[in-house]
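Undergrad: Sharing upload26.cif, mmCIF, C-alpha atoms:
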```
data_final
#
loop_
_atom_site.label_atom_id
_atom_site.label_comp_id
_atom_site.auth_asym_id
_atom_site.auth_seq_id
_atom_site.Cartn_x
_atom_site.Cartn_y
_atom_site.Cartn_z
CA MET A 175 136.90 122.20 131.27
CA SER A 176 135.13 125.02 129.48
CA ASN A 177 131.40 124.82 128.83
CA GLN A 178 132.10 124.68 125.08
CA LYS A 179 134.47 121.70 125.43
CA ARG A 180 132.05 119.93 127.76
CA SER A 181 129.18 120.46 125.31
CA ARG A 182 131.30 119.10 122.46
CA GLN A 183 132.28 116.04 124.53
CA ILE A 184 128.64 115.30 125.35
CA SER A 185 127.71 115.76 121.69
CA LEU A 186 130.41 113.36 120.50
CA GLN A 187 129.36 110.75 123.03
CA ARG A 188 125.73 111.03 121.88
CA ALA A 189 126.78 110.83 118.22
CA SER A 190 128.68 107.63 118.99
CA GLU A 191 125.58 106.14 120.65
CA LEU A 192 123.45 107.02 117.62
CA SER A 193 126.00 105.60 115.21
CA LYS A 194 125.86 102.23 116.99
CA LYS A 195 122.09 102.15 116.47
CA THR A 196 122.63 101.96 112.69
CA HIS A 197 124.84 98.84 112.82
CA GLY A 198 121.97 96.34 112.77
CA PHE A 199 120.40 97.88 109.67
CA LEU A 200 123.68 98.31 107.79
CA LYS A 201 124.59 94.68 108.42
CA ALA A 202 121.12 93.39 107.48
CA ARG A 203 121.00 95.49 104.30
CA THR A 204 123.82 93.46 102.77
CA SER A 205 121.62 90.34 102.89
CA PHE A 206 118.69 91.78 100.91
CA PRO A 207 118.46 91.63 97.10
CA ILE A 208 118.13 95.29 96.05
CA GLY A 209 116.93 96.09 92.57
CA MET A 210 119.19 99.07 91.97
CA GLU A 211 122.21 96.84 92.60
CA MET A 212 121.14 93.94 90.36
CA GLN A 213 121.01 95.45 86.89
CA THR A 214 123.57 93.04 85.45
CA ALA A 215 121.47 90.04 86.52
CA PHE A 216 118.30 91.66 85.21
CA ASP A 217 119.89 92.42 81.85
CA LYS A 218 121.02 88.79 81.55
CA ALA A 219 117.48 87.59 82.32
CA LYS A 220 116.03 90.06 79.81
CA LYS A 221 118.29 88.71 77.07
CA ARG A 222 117.18 85.16 77.83
CA ILE A 223 113.48 86.11 77.84
CA LEU A 224 113.76 88.02 74.56
CA GLN A 225 115.27 84.90 72.96
CA VAL A 226 112.43 82.75 74.27
CA LEU A 227 109.77 85.19 73.05
CA ASN A 228 111.54 86.13 69.79
CA GLY A 229 111.56 89.77 70.85
CA THR A 230 113.84 92.75 70.37
CA GLU A 231 115.09 95.54 72.62
CA GLU A 232 112.53 97.80 70.97
CA ASN A 233 109.79 95.29 71.78
CA TRP A 234 110.91 95.19 75.42
CA ASP A 235 110.30 98.92 75.84
CA ASP A 236 106.79 98.66 74.32
CA TRP A 237 104.17 98.10 77.02
CA HIS A 238 101.72 96.66 74.50
CA TRP A 239 104.29 94.04 73.49
CA GLN A 240 104.85 93.25 77.16
CA LEU A 241 101.12 92.65 77.68
CA ASP A 242 100.73 90.69 74.43
CA ASN A 243 103.56 88.43 75.58
CA THR A 244 102.47 87.98 79.16
CA ILE A 245 103.77 84.63 80.39
CA LYS A 246 100.89 82.44 81.49
CA ASP A 247 101.81 78.85 80.64
CA THR A 248 104.29 76.50 82.29
CA GLU A 249 106.01 75.58 79.04
CA THR A 250 107.11 79.16 78.39
CA LEU A 251 107.89 79.82 82.04
CA SER A 252 110.09 76.70 82.22
CA LYS A 253 112.32 78.18 79.53
CA ILE A 254 112.89 81.20 81.78
CA LEU A 255 112.95 79.70 85.27
CA ASN A 256 114.25 76.33 86.38
CA LEU A 257 111.02 74.48 87.21
CA SER A 258 110.81 70.98 88.62
CA ASP A 259 108.08 68.53 87.59
CA GLU A 260 106.39 69.35 90.89
CA ASP A 261 106.50 73.08 90.07
CA LYS A 262 104.85 72.44 86.71
CA TYR A 263 102.18 70.25 88.29
CA VAL A 264 101.33 72.93 90.86
CA LEU A 265 101.18 75.72 88.26
CA ASN A 266 98.95 73.69 85.95
CA ARG A 267 96.70 72.57 88.78
CA LEU A 268 96.26 75.98 90.39
CA SER A 269 95.80 77.85 87.11
CA LYS A 270 92.35 76.27 86.87
CA LYS A 271 91.37 77.87 90.17
CA TYR A 272 93.43 81.06 90.44
CA ARG A 273 94.73 82.48 87.19
CA TRP A 274 98.36 83.52 87.04
CA ALA A 275 100.21 85.69 84.54
CA VAL A 276 103.44 87.66 84.66
CA SER A 277 104.86 90.30 82.34
CA PRO A 278 108.22 89.51 80.68
CA TYR A 279 109.67 92.47 82.59
CA TYR A 280 108.52 91.22 86.00
CA ALA A 281 109.71 87.71 85.13
CA SER A 282 113.18 89.17 84.52
CA LEU A 283 113.35 90.13 88.21
CA MET A 284 112.79 86.53 89.33
CA ASP A 285 115.68 84.36 90.46
CA PRO A 286 115.58 81.37 88.10
CA ASP A 287 116.78 78.94 90.79
CA ASP A 288 115.38 80.19 94.11
CA HIS A 289 111.84 78.99 94.85
CA TYR A 290 111.71 81.42 97.78
CA ASP A 291 112.79 84.43 95.75
CA PRO A 292 110.44 87.25 96.90
CA ILE A 293 109.40 88.15 93.35
CA ARG A 294 108.51 84.52 92.61
CA LEU A 295 106.53 84.25 95.84
CA ILE A 296 104.62 87.43 94.99
CA GLY A 297 104.11 86.68 91.31
CA LEU A 298 103.71 82.91 90.90
CA PRO A 299 101.36 80.39 92.54
CA SER A 300 102.53 77.92 95.15
CA ILE A 301 100.85 74.82 96.54
CA ALA A 302 100.21 76.82 99.71
CA GLU A 303 97.32 78.55 97.91
CA GLU A 304 95.43 75.29 97.87
CA VAL A 305 96.41 74.16 101.37
CA TYR A 306 95.76 77.51 103.09
CA ASP A 307 92.44 78.17 101.41
CA GLN A 308 90.57 79.51 104.45
CA GLY A 309 89.25 83.04 104.32
CA GLU A 310 86.76 84.98 102.26
CA ASP A 311 86.39 85.89 98.62
CA ASP A 312 85.41 89.45 99.52
CA PRO A 313 86.75 90.33 103.00
CA MET A 314 86.19 94.04 102.35
CA GLY A 315 82.47 93.60 101.69
CA GLU A 316 82.70 95.47 98.39
CA GLU A 317 79.53 93.76 97.23
CA TYR A 318 77.64 95.86 99.78
CA THR A 319 79.39 99.17 99.12
CA ASN A 320 78.51 99.51 95.44
CA PRO A 321 75.78 102.16 95.11
CA ALA A 322 76.17 102.60 91.34
CA GLY A 323 78.26 101.62 88.32
CA ALA A 324 81.71 100.38 89.26
CA ILE A 325 81.88 102.37 92.50
CA THR A 326 83.00 101.28 95.95
CA ARG A 327 82.07 103.80 98.64
CA ARG A 328 83.17 103.36 102.26
CA TYR A 329 83.77 106.93 103.41
CA PRO A 330 81.78 110.19 103.49
CA ASP A 331 83.76 112.27 100.98
CA ARG A 332 85.58 109.83 98.69
CA LEU A 333 85.10 106.70 96.64
CA ILE A 334 86.68 104.20 94.27
CA ILE A 335 85.96 103.47 90.62
CA ASN A 336 87.04 99.92 89.77
CA VAL A 337 87.76 100.16 86.05
CA THR A 338 89.26 96.77 85.12
CA ASN A 339 90.26 93.33 86.39
CA GLN A 340 93.48 93.37 84.35
CA CYS A 341 97.01 93.63 85.79
CA ALA A 342 100.50 93.16 84.36
CA ASN A 343 101.02 90.55 87.08
CA TYR A 344 98.40 88.83 89.22
CA CYS A 345 99.85 89.13 92.70
CA ARG A 346 99.20 86.05 94.79
CA HIS A 347 98.05 88.10 97.80
CA CYS A 348 95.52 90.21 95.85
CA GLN A 349 92.44 91.25 97.83
CA ARG A 350 90.36 91.22 94.62
CA ARG A 351 91.47 87.88 93.22
CA ARG A 352 87.78 86.98 92.99
CA ASN A 353 87.57 89.46 90.09
CA ILE A 354 90.50 88.06 88.12
CA GLY A 355 88.61 85.21 86.46
CA GLN A 356 90.19 83.78 83.32
CA VAL A 357 89.70 86.73 80.95
CA ASP A 358 90.91 90.34 81.11
CA LYS A 359 87.92 92.64 81.02
CA HIS A 360 87.65 96.41 81.28
CA ARG A 361 84.47 98.02 82.55
CA SER A 362 82.19 99.15 79.76
CA LYS A 363 81.86 102.83 78.99
CA HIS A 364 78.20 102.60 80.01
CA ILE A 365 79.14 101.41 83.52
CA LEU A 366 81.80 104.11 83.80
CA GLU A 367 79.25 106.73 82.74
CA ASP A 368 76.93 105.50 85.52
CA SER A 369 79.82 105.90 87.96
CA ILE A 370 80.54 109.44 86.78
CA ALA A 371 76.85 110.36 87.04
CA TYR A 372 76.78 109.13 90.65
CA ILE A 373 79.76 111.34 91.50
CA ARG A 374 78.15 114.29 89.75
CA ASP A 375 74.93 113.80 91.74
CA ASN A 376 76.66 113.55 95.12
CA LYS A 377 78.32 116.88 95.78
CA GLU A 378 80.07 115.72 98.96
CA ILE A 379 82.44 113.56 96.89
CA ARG A 380 85.70 115.50 96.68
CA ASP A 381 88.23 112.66 96.14
CA VAL A 382 88.04 109.92 93.49
CA LEU A 383 90.39 106.93 93.26
CA ILE A 384 90.57 105.09 89.93
CA THR A 385 91.80 101.54 90.42
CA GLY A 386 91.13 97.94 89.45
CA GLY A 387 92.93 95.62 88.72
CA ASP A 388 95.35 98.25 87.55
CA ALA A 389 94.07 101.64 86.42
CA LEU A 390 96.88 102.04 83.87
CA MET A 391 95.80 98.94 81.97
CA LEU A 392 93.32 101.24 80.24
CA GLU A 393 94.45 102.73 76.95
CA ASP A 394 95.54 106.37 76.86
CA ASP A 395 92.40 107.64 75.11
CA MET A 396 90.09 105.93 77.61
CA LEU A 397 92.07 107.32 80.55
CA ASP A 398 91.94 110.77 78.96
CA TRP A 399 88.16 110.56 78.63
CA LEU A 400 87.58 109.10 82.09
CA ILE A 401 89.86 111.43 84.05
CA GLY A 402 88.68 114.41 82.01
CA SER A 403 85.04 113.59 82.74
CA ILE A 404 85.72 113.37 86.46
CA ARG A 405 87.83 116.55 86.48
CA ALA A 406 84.93 118.40 84.82
CA ILE A 407 82.84 117.86 87.97
CA ASP A 408 83.19 121.05 90.02
CA HIS A 409 83.13 119.49 93.48
CA VAL A 410 85.82 116.88 92.75
CA GLU A 411 89.04 118.28 94.19
CA ILE A 412 91.45 115.33 93.95
CA ILE A 413 91.85 112.43 91.52
CA ARG A 414 94.05 109.46 92.37
CA LEU A 415 95.22 106.50 90.31
CA GLY A 416 96.14 103.12 91.76
CA THR A 417 98.74 101.23 89.72
CA ARG A 418 101.42 98.62 90.25
CA THR A 419 102.94 99.18 86.79
CA LEU A 420 105.90 101.12 88.21
CA VAL A 421 107.19 97.78 89.51
CA THR A 422 105.54 95.19 87.22
CA LEU A 423 105.46 97.06 83.89
CA PRO A 424 107.37 100.38 84.07
CA GLN A 425 107.28 100.59 80.25
CA ARG A 426 103.63 101.67 80.66
CA ILE A 427 104.80 105.08 81.91
CA THR A 428 105.38 106.92 78.63
CA PRO A 429 105.79 110.60 77.76
CA LYS A 430 102.40 110.44 76.02
CA LEU A 431 100.69 109.08 79.14
CA CYS A 432 102.34 111.76 81.28
CA SER A 433 101.20 114.51 78.91
CA ILE A 434 97.63 113.28 79.41
CA LEU A 435 97.83 112.98 83.19
CA GLU A 436 99.42 116.38 83.78
CA LYS A 437 96.33 118.06 82.27
CA TYR A 438 94.24 117.04 85.25
CA HIS A 439 96.06 118.26 88.35
CA PRO A 440 95.77 117.87 91.27
CA LEU A 441 96.34 114.22 90.42
CA TYR A 442 98.15 111.67 92.58
CA ILE A 443 99.44 108.15 91.94
CA ASN A 444 99.88 105.41 94.49
CA THR A 445 101.87 102.35 93.52
CA HIS A 446 102.47 99.06 95.32
CA ALA A 447 106.02 97.86 95.95
CA ASN A 448 106.60 95.16 98.55
CA HIS A 449 110.33 94.49 98.36
CA PRO A 450 113.50 96.50 97.58
CA LYS A 451 114.23 94.11 94.69
CA GLU A 452 111.26 95.67 92.88
CA ILE A 453 112.83 99.15 92.83
CA THR A 454 114.97 99.05 89.69
CA LEU A 455 116.47 101.49 87.20
CA ASP A 456 113.34 101.01 85.10
CA THR A 457 111.17 101.89 88.08
CA LYS A 458 113.27 105.01 88.59
CA LYS A 459 112.85 106.01 84.96
CA ALA A 460 109.07 105.63 85.23
CA ALA A 461 108.94 107.52 88.52
CA ASP A 462 111.10 110.31 87.10
CA LEU A 463 108.70 110.77 84.17
CA LEU A 464 105.71 111.04 86.50
CA SER A 465 107.48 113.32 88.96
CA ALA A 466 108.59 115.60 86.12
CA SER A 467 104.90 115.88 85.21
CA GLY A 468 104.14 117.18 88.69
CA ILE A 469 102.49 113.99 89.95
CA PRO A 470 103.16 113.13 93.62
CA LEU A 471 103.87 109.41 94.11
CA GLY A 472 103.08 107.23 97.11
CA ASN A 473 103.55 103.57 97.96
CA GLN A 474 101.15 101.14 99.59
CA MET A 475 103.01 98.07 100.84
CA VAL A 476 101.19 94.94 101.96
CA LEU A 477 102.78 93.21 104.94
CA LEU A 478 103.52 89.68 103.71
CA ASN A 479 104.93 86.77 105.68
CA GLY A 480 108.26 85.65 104.24
CA ILE A 481 108.45 88.66 101.93
CA ASN A 482 108.73 91.81 104.00
CA ASN A 483 107.72 91.19 107.63
CA ASP A 484 111.18 92.33 108.72
CA LYS A 485 111.94 95.75 110.18
CA TYR A 486 115.27 96.17 108.41
CA LEU A 487 113.92 95.07 105.03
CA VAL A 488 111.05 97.57 105.23
CA GLN A 489 113.50 100.29 106.21
CA CYS A 490 115.59 99.40 103.16
CA LEU A 491 112.51 99.34 100.89
CA ASN A 492 111.40 102.76 102.11
CA HIS A 493 114.86 104.23 101.53
CA GLU A 494 114.89 102.83 97.98
CA LEU A 495 111.43 104.30 97.36
CA LEU A 496 112.43 107.76 98.55
CA LYS A 497 115.51 107.67 96.32
CA VAL A 498 113.19 107.47 93.31
CA ARG A 499 110.78 110.06 94.78
CA ILE A 500 108.05 107.66 95.90
CA ARG A 501 106.78 108.42 99.40
CA PRO A 502 105.96 105.43 101.65
CA TYR A 503 102.27 105.97 102.41
CA TYR A 504 100.65 102.86 103.90
CA ILE A 505 101.61 99.45 105.23
CA PHE A 506 98.47 97.32 104.90
CA HIS A 507 98.05 94.29 107.12
CA PRO A 508 97.17 91.35 104.84
CA LYS A 509 93.49 90.51 104.51
CA LEU A 510 92.19 86.98 104.97
CA VAL A 511 91.46 86.32 101.30
CA LYS A 512 90.93 82.74 100.15
CA GLY A 513 94.15 81.16 98.97
CA THR A 514 96.43 83.71 100.63
CA GLY A 515 96.67 82.30 104.17
CA HIS A 516 100.38 81.54 103.86
CA PHE A 517 101.08 85.29 103.62
CA LEU A 518 99.33 86.09 106.91
CA CYS A 519 101.43 87.32 109.81
CA SER A 520 100.88 88.79 113.25
CA VAL A 521 99.89 92.40 113.83
CA ASP A 522 102.84 92.34 116.23
CA ASP A 523 105.12 92.14 113.17
CA GLY A 524 103.66 95.37 111.82
CA ILE A 525 103.89 97.16 115.15
CA GLU A 526 107.53 96.11 115.53
CA ILE A 527 108.29 97.49 112.06
CA VAL A 528 106.73 100.93 112.54
CA GLU A 529 108.17 101.18 116.06
CA HIS A 530 111.64 100.46 114.68
CA LEU A 531 111.27 102.98 111.86
CA ARG A 532 110.45 105.82 114.25
CA GLY A 533 113.75 107.46 115.12
CA HIS A 534 115.86 105.10 113.02
CA THR A 535 114.93 106.82 109.77
CA SER A 536 113.44 110.08 108.56
CA GLY A 537 109.75 110.77 109.03
CA MET A 538 109.20 110.64 105.27
CA ALA A 539 110.20 106.97 105.37
CA ILE A 540 107.55 106.05 107.96
CA PRO A 541 104.21 104.97 106.49
CA THR A 542 101.00 104.50 108.46
CA TYR A 543 100.32 100.89 109.46
CA ILE A 544 96.71 100.00 108.65
CA VAL A 545 94.43 97.14 109.60
CA ASN A 546 91.22 97.10 107.57
CA ALA A 547 88.23 96.53 109.81
CA PRO A 548 86.04 93.56 108.71
CA ASN A 549 83.41 93.91 105.99
CA GLY A 550 84.71 97.20 104.68
CA ALA A 551 84.29 99.09 107.96
CA GLY A 552 87.33 101.22 107.17
CA LYS A 553 91.06 101.69 107.62
CA THR A 554 92.20 101.57 111.24
CA PRO A 555 95.70 102.88 112.05
CA ILE A 556 97.70 100.70 114.42
CA LEU A 557 100.42 102.51 116.37
CA PRO A 558 102.91 101.58 119.07
CA SER A 559 101.93 103.06 122.45
CA TYR A 560 104.06 106.09 123.23
CA LEU A 561 101.59 107.56 125.73
CA ILE A 562 102.04 105.66 129.00
CA SER A 563 99.72 107.58 131.32
CA ARG A 564 98.00 110.92 131.84
CA GLY A 565 97.62 113.07 134.93
CA HIS A 566 96.30 116.55 135.71
CA ASN A 567 98.05 118.79 133.15
CA THR A 568 100.84 116.21 132.70
CA MET A 569 101.41 113.02 130.74
CA THR A 570 104.05 110.31 130.78
CA ILE A 571 105.54 109.51 127.38
CA ARG A 572 107.97 106.96 125.96
CA THR A 573 110.46 108.01 123.26
CA TRP A 574 111.59 105.97 120.26
CA GLU A 575 114.56 104.83 122.37
CA GLY A 576 112.34 103.64 125.21
CA LYS A 577 113.21 106.52 127.52
CA VAL A 578 110.36 107.70 129.76
CA PHE A 579 109.64 111.38 130.47
CA GLU A 580 106.97 113.46 132.14
CA TYR A 581 105.57 115.99 129.69
CA LYS A 582 103.56 119.08 130.59
CA ASN A 583 100.09 119.08 129.06
CA PRO A 584 98.28 122.32 129.96
CA PRO A 585 94.70 122.84 128.82
CA THR A 586 94.03 124.73 125.61
CA ARG A 587 93.26 128.38 126.28
CA ASP A 588 91.27 130.87 124.26
CA ILE A 589 93.94 132.71 122.24
CA HIS A 590 91.95 135.94 122.13
CA LYS A 591 91.73 135.96 125.93
CA SER A 592 95.44 135.22 126.25
CA ILE A 593 96.37 138.12 123.98
CA GLU A 594 94.06 140.52 125.84
CA GLU A 595 95.47 139.46 129.22
CA ALA A 596 99.04 139.88 127.95
CA ARG A 597 98.23 143.33 126.60
CA ASP A 598 96.60 144.42 129.85
CA LYS A 599 99.54 143.11 131.86
CA LEU A 600 102.03 145.05 129.73
CA LEU A 601 100.01 148.26 129.83
CA LYS A 602 99.60 147.98 133.57
CA LYS A 603 103.36 147.45 134.00
CA LYS A 604 104.01 150.68 132.06
CA GLY A 605 101.45 152.57 134.11
CA LEU A 606 99.15 153.04 131.18
CA LEU A 607 96.40 150.92 132.70
CA THR A 608 95.12 151.75 136.18
CA ASN A 609 92.49 149.04 136.64
#
```
Mind turning this structure into structure tokens?
TA:
Amino acid sequence: MSNQKRSRQISLQRASELSKKTHGFLKARTSFPIGMEMQTAFDKAKKRILQVLNGTEENWDDWHWQLDNTIKDTETLSKILNLSDEDKYVLNRLSKKYRWAVSPYYASLMDPDDHYDPIRLIGLPSIAEEVYDQGEDDPMGEEYTNPAGAITRRYPDRLIINVTNQCANYCRHCQRRRNIGQVDKHRSKHILEDSIAYIRDNKEIRDVLITGGDALMLEDDMLDWLIGSIRAIDHVEIIRLGTRTLVTLPQRITPKLCSILEKYHPLYINTHANHPKEITLDTKKAADLLSASGIPLGNQMVLLNGINNDKYLVQCLNHELLKVRIRPYYIFHPKLVKGTGHFLCSVDDGIEIVEHLRGHTSGMAIPTYIVNAPNGAGKTPILPSYLISRGHNTMTIRTWEGKVFEYKNPPTRDIHKSIEEARDKLLKKKGLLTN
């Protein structure tokens, strides 16, 4: 057998092995509800919701109408979803403790019959919030990282401005549910001015994240003023916006908003999708508008028990995100916030997910898995162990397939010295250097 034929035979055998490694994912993918494949069901739900709310197609595409018609009472919700008497009791009881509200759009993604539908679990209260009420109101210690205005500062060169408590949907796992209260409230311009002054006075701040609540709940003119004021500070290099509207209220992403945002590059947006059902044609339309404006998009998923603590589901979610040009950025381990204990899962779940992703999908689809240290001590990346041991100038490593290899690990040399030695060696070889 020729070397060429032997090489081809080995290559085909390896390709067959790799193909078999995809079978588990491809089989599992058929069991997940995927937003891009459910448009008919979503359109049917939209029609029903518009009838309940006496709205029109034009209304549906208006983000102000969506917010004005946020569903926040059991009577209206029961006309959209099939609620039992027990469901109504739980919603009414818990609304006094933890407010809930859902945009008509996000409600259209909910299965009307399935109590364990991932969108319902994320968006609507369950009795588990009362039973699993251990935890803290402020596990990140934001109360003690607020040097001025609406700022949270945990790191040397960057900070957060928390501009509002309002969202299009109040996610049941929210780390800032203590701020939700019963009334939507934006930060006053005076408090925002104090925040801007603090940034201006601290020249080491190069990166500012505007969040909330949801940063895009602010009106266009307020966003224009706020982002413009921050961009006018010479030492601020990067501005970021945190928003979940791409999945809860994609109508918020308008050409007018994009024309404002693209004035202030470099500007980045991170959104928050937790399940492939949330990535819809409307999400794609919103992402396309932002991408066309030159805005890089990232996703910060929260690892949630019963929602996405499954390696194949996260792989599917990350593929759906990349298809609409949103880069998977972080997987956050859930924080122990009061009323969210039913969403908690083991760190082992997160490690299994990121270990599976490595090698089974492209690097762009592999986010960093993060555990937040207690009391706001900072993001801590958690990685599978690929380094088994180290020796003198060698190390033993484990690949994504579990294969173990010895890897040479020479010390770092001074590059100038290396170049000089190589030059001297060459000159000496040619007889041009006698010493």
Undergrad: In terms of the shortest atom-to-atom distance over all atoms listed in the file, which of A:Asp247, A:Asp394, A:Glu529, A:Glu411 is closest to A:Arg380?
TA: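 With all atoms listed in the file as the atom set, the closest residue is A:Glu411.
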Undergrad: Show which residues sit within 9 Å of stretch 574-583 of chain A, as a list of chain:residue names. Count only C-alpha atoms, and ignore same-chain residues fewer than 6 positions away.
TA: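 Counting only C-alpha atoms, the residues come to A:Glu529, A:His530, A:Leu531, A:Arg532, A:Gly533, A:His534, A:Tyr560, A:Ile562, A:Arg564, A:Gly565, A:His566, A:Asn567, A:Thr568.
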Undergrad: Could you please determine the separation between atom CA of A:Ile544 and atom CA of A:Tyr504 in Å, to one decimal place?
TA: 6.8 Å
Undergrad: Write out as a list in words which residues come within 10 Å of A:Arg273 when counting all atoms listed in the file, dropping same-chain ones fewer than 6 positions away.
TA: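 Using all atoms listed in the file, the neighbours found are Lys246, Leu265, Asn266, Leu298, Pro299, Tyr344, Arg346, Arg351, Ile354, Gly355, Gln356 and Val357 of chain A.
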Undergrad: Quote the spacing between atom CA of A:Lys512 and atom CA of A:Val276 in Å to one decimal place.
TA: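 Result for atom CA of A:Lys512 versus atom CA of A:Val276: 20.5 Å, one decimal.
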Undergrad: Give me the residues within 12 Å of A:Arg222 as a list in words, counting only C-alpha atoms and dropping any in the same chain fewer than 4 places off.
TA: Ala215, Phe216, Asp217, Lys218, Val226, Leu227, Asn228, Gly229, Thr230, Glu231, Thr250, Leu251, Ser252, Lys253, Ile254, Leu255, Pro278, Tyr279, Ala281, Ser282 and Pro286 of chain A
Undergrad: Compare A:Ile556, A:Leu390, A:Val305, A:Ala219 by their minimum atom-to-atom distance to A:Asp285, counting only C-alpha atoms, and give me the closest one.
TA: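 Distance minimum relative to A:Asp285 lands on A:Ala219.
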Undergrad: Excluding A:Asn448 and any residue of its chain fewer than 5 positions from it, enumerate the residues within 9 Å of it, using all atoms listed in the file, and give them as a ChimeraX atom specification.
TA: /A:292,296,473-478,481-482,488,491
Undergrad: My list of candidates is A:Arg426, A:Arg418, A:Arg361, A:Lys458. Which is closest to A:Ile443 when distances are computed with all atoms listed in the file?
TA: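 Under the stated criterion, the closest residue is A:Arg418.
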Undergrad: Record the distance separating atom CA of A:Gly472 and atom CA of A:Gly416, expressed in Å with one decimal.
TA: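 Calculated distance between atom CA of A:Gly472 and atom CA of A:Gly416 is 9.7 Å.
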Undergrad: Select, counting only C-alpha atoms, all protein, DNA and RNA residues no farther than 12 Å from (75.2, 112.5, 96.4) in file coordinates, and express the selection as a PyMOL selection string.
TA: chain A and resi 321-322+327+330-333+369-380+409
Undergrad: Those selected residues, please, written with C-alpha atoms and delivered as a tab-separated table (two decimals), in the coordinates of the input.
TA:
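Saved file part.tsv follows:
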```
chain	number	residue	atom	x	y	z
A	321	PRO	CA	75.78	102.16	95.11
A	322	ALA	CA	76.17	102.60	91.34
A	327	ARG	CA	82.07	103.80	98.64
A	330	PRO	CA	81.78	110.19	103.49
A	331	ASP	CA	83.76	112.27	100.98
A	332	ARG	CA	85.58	109.83	98.69
A	333	LEU	CA	85.10	106.70	96.64
A	369	SER	CA	79.82	105.90	87.96
A	370	ILE	CA	80.54	109.44	86.78
A	371	ALA	CA	76.85	110.36	87.04
A	372	TYR	CA	76.78	109.13	90.65
A	373	ILE	CA	79.76	111.34	91.50
A	374	ARG	CA	78.15	114.29	89.75
A	375	ASP	CA	74.93	113.80	91.74
A	376	ASN	CA	76.66	113.55	95.12
A	377	LYS	CA	78.32	116.88	95.78
A	378	GLU	CA	80.07	115.72	98.96
A	379	ILE	CA	82.44	113.56	96.89
A	380	ARG	CA	85.70	115.50	96.68
A	409	HIS	CA	83.13	119.49	93.48
```
Undergrad: With all atoms listed in the file as the basis for distance, which of A:Tyr543, A:Trp237, A:Trp274, A:Phe517 is at the shortest distance from A:Ala302?
TA: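 Distance minimum relative to A:Ala302 lands on A:Phe517.
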Undergrad: Carefully work through the PyMOL selection byres ((chain A and resi 185-198) around 12) for this structure and note down the residues it includes, as an NGL selection string.
TA: :A and (178-184 or 199-205 or 485-487 or 489-490 or 530-531 or 533-535 or 574-575)
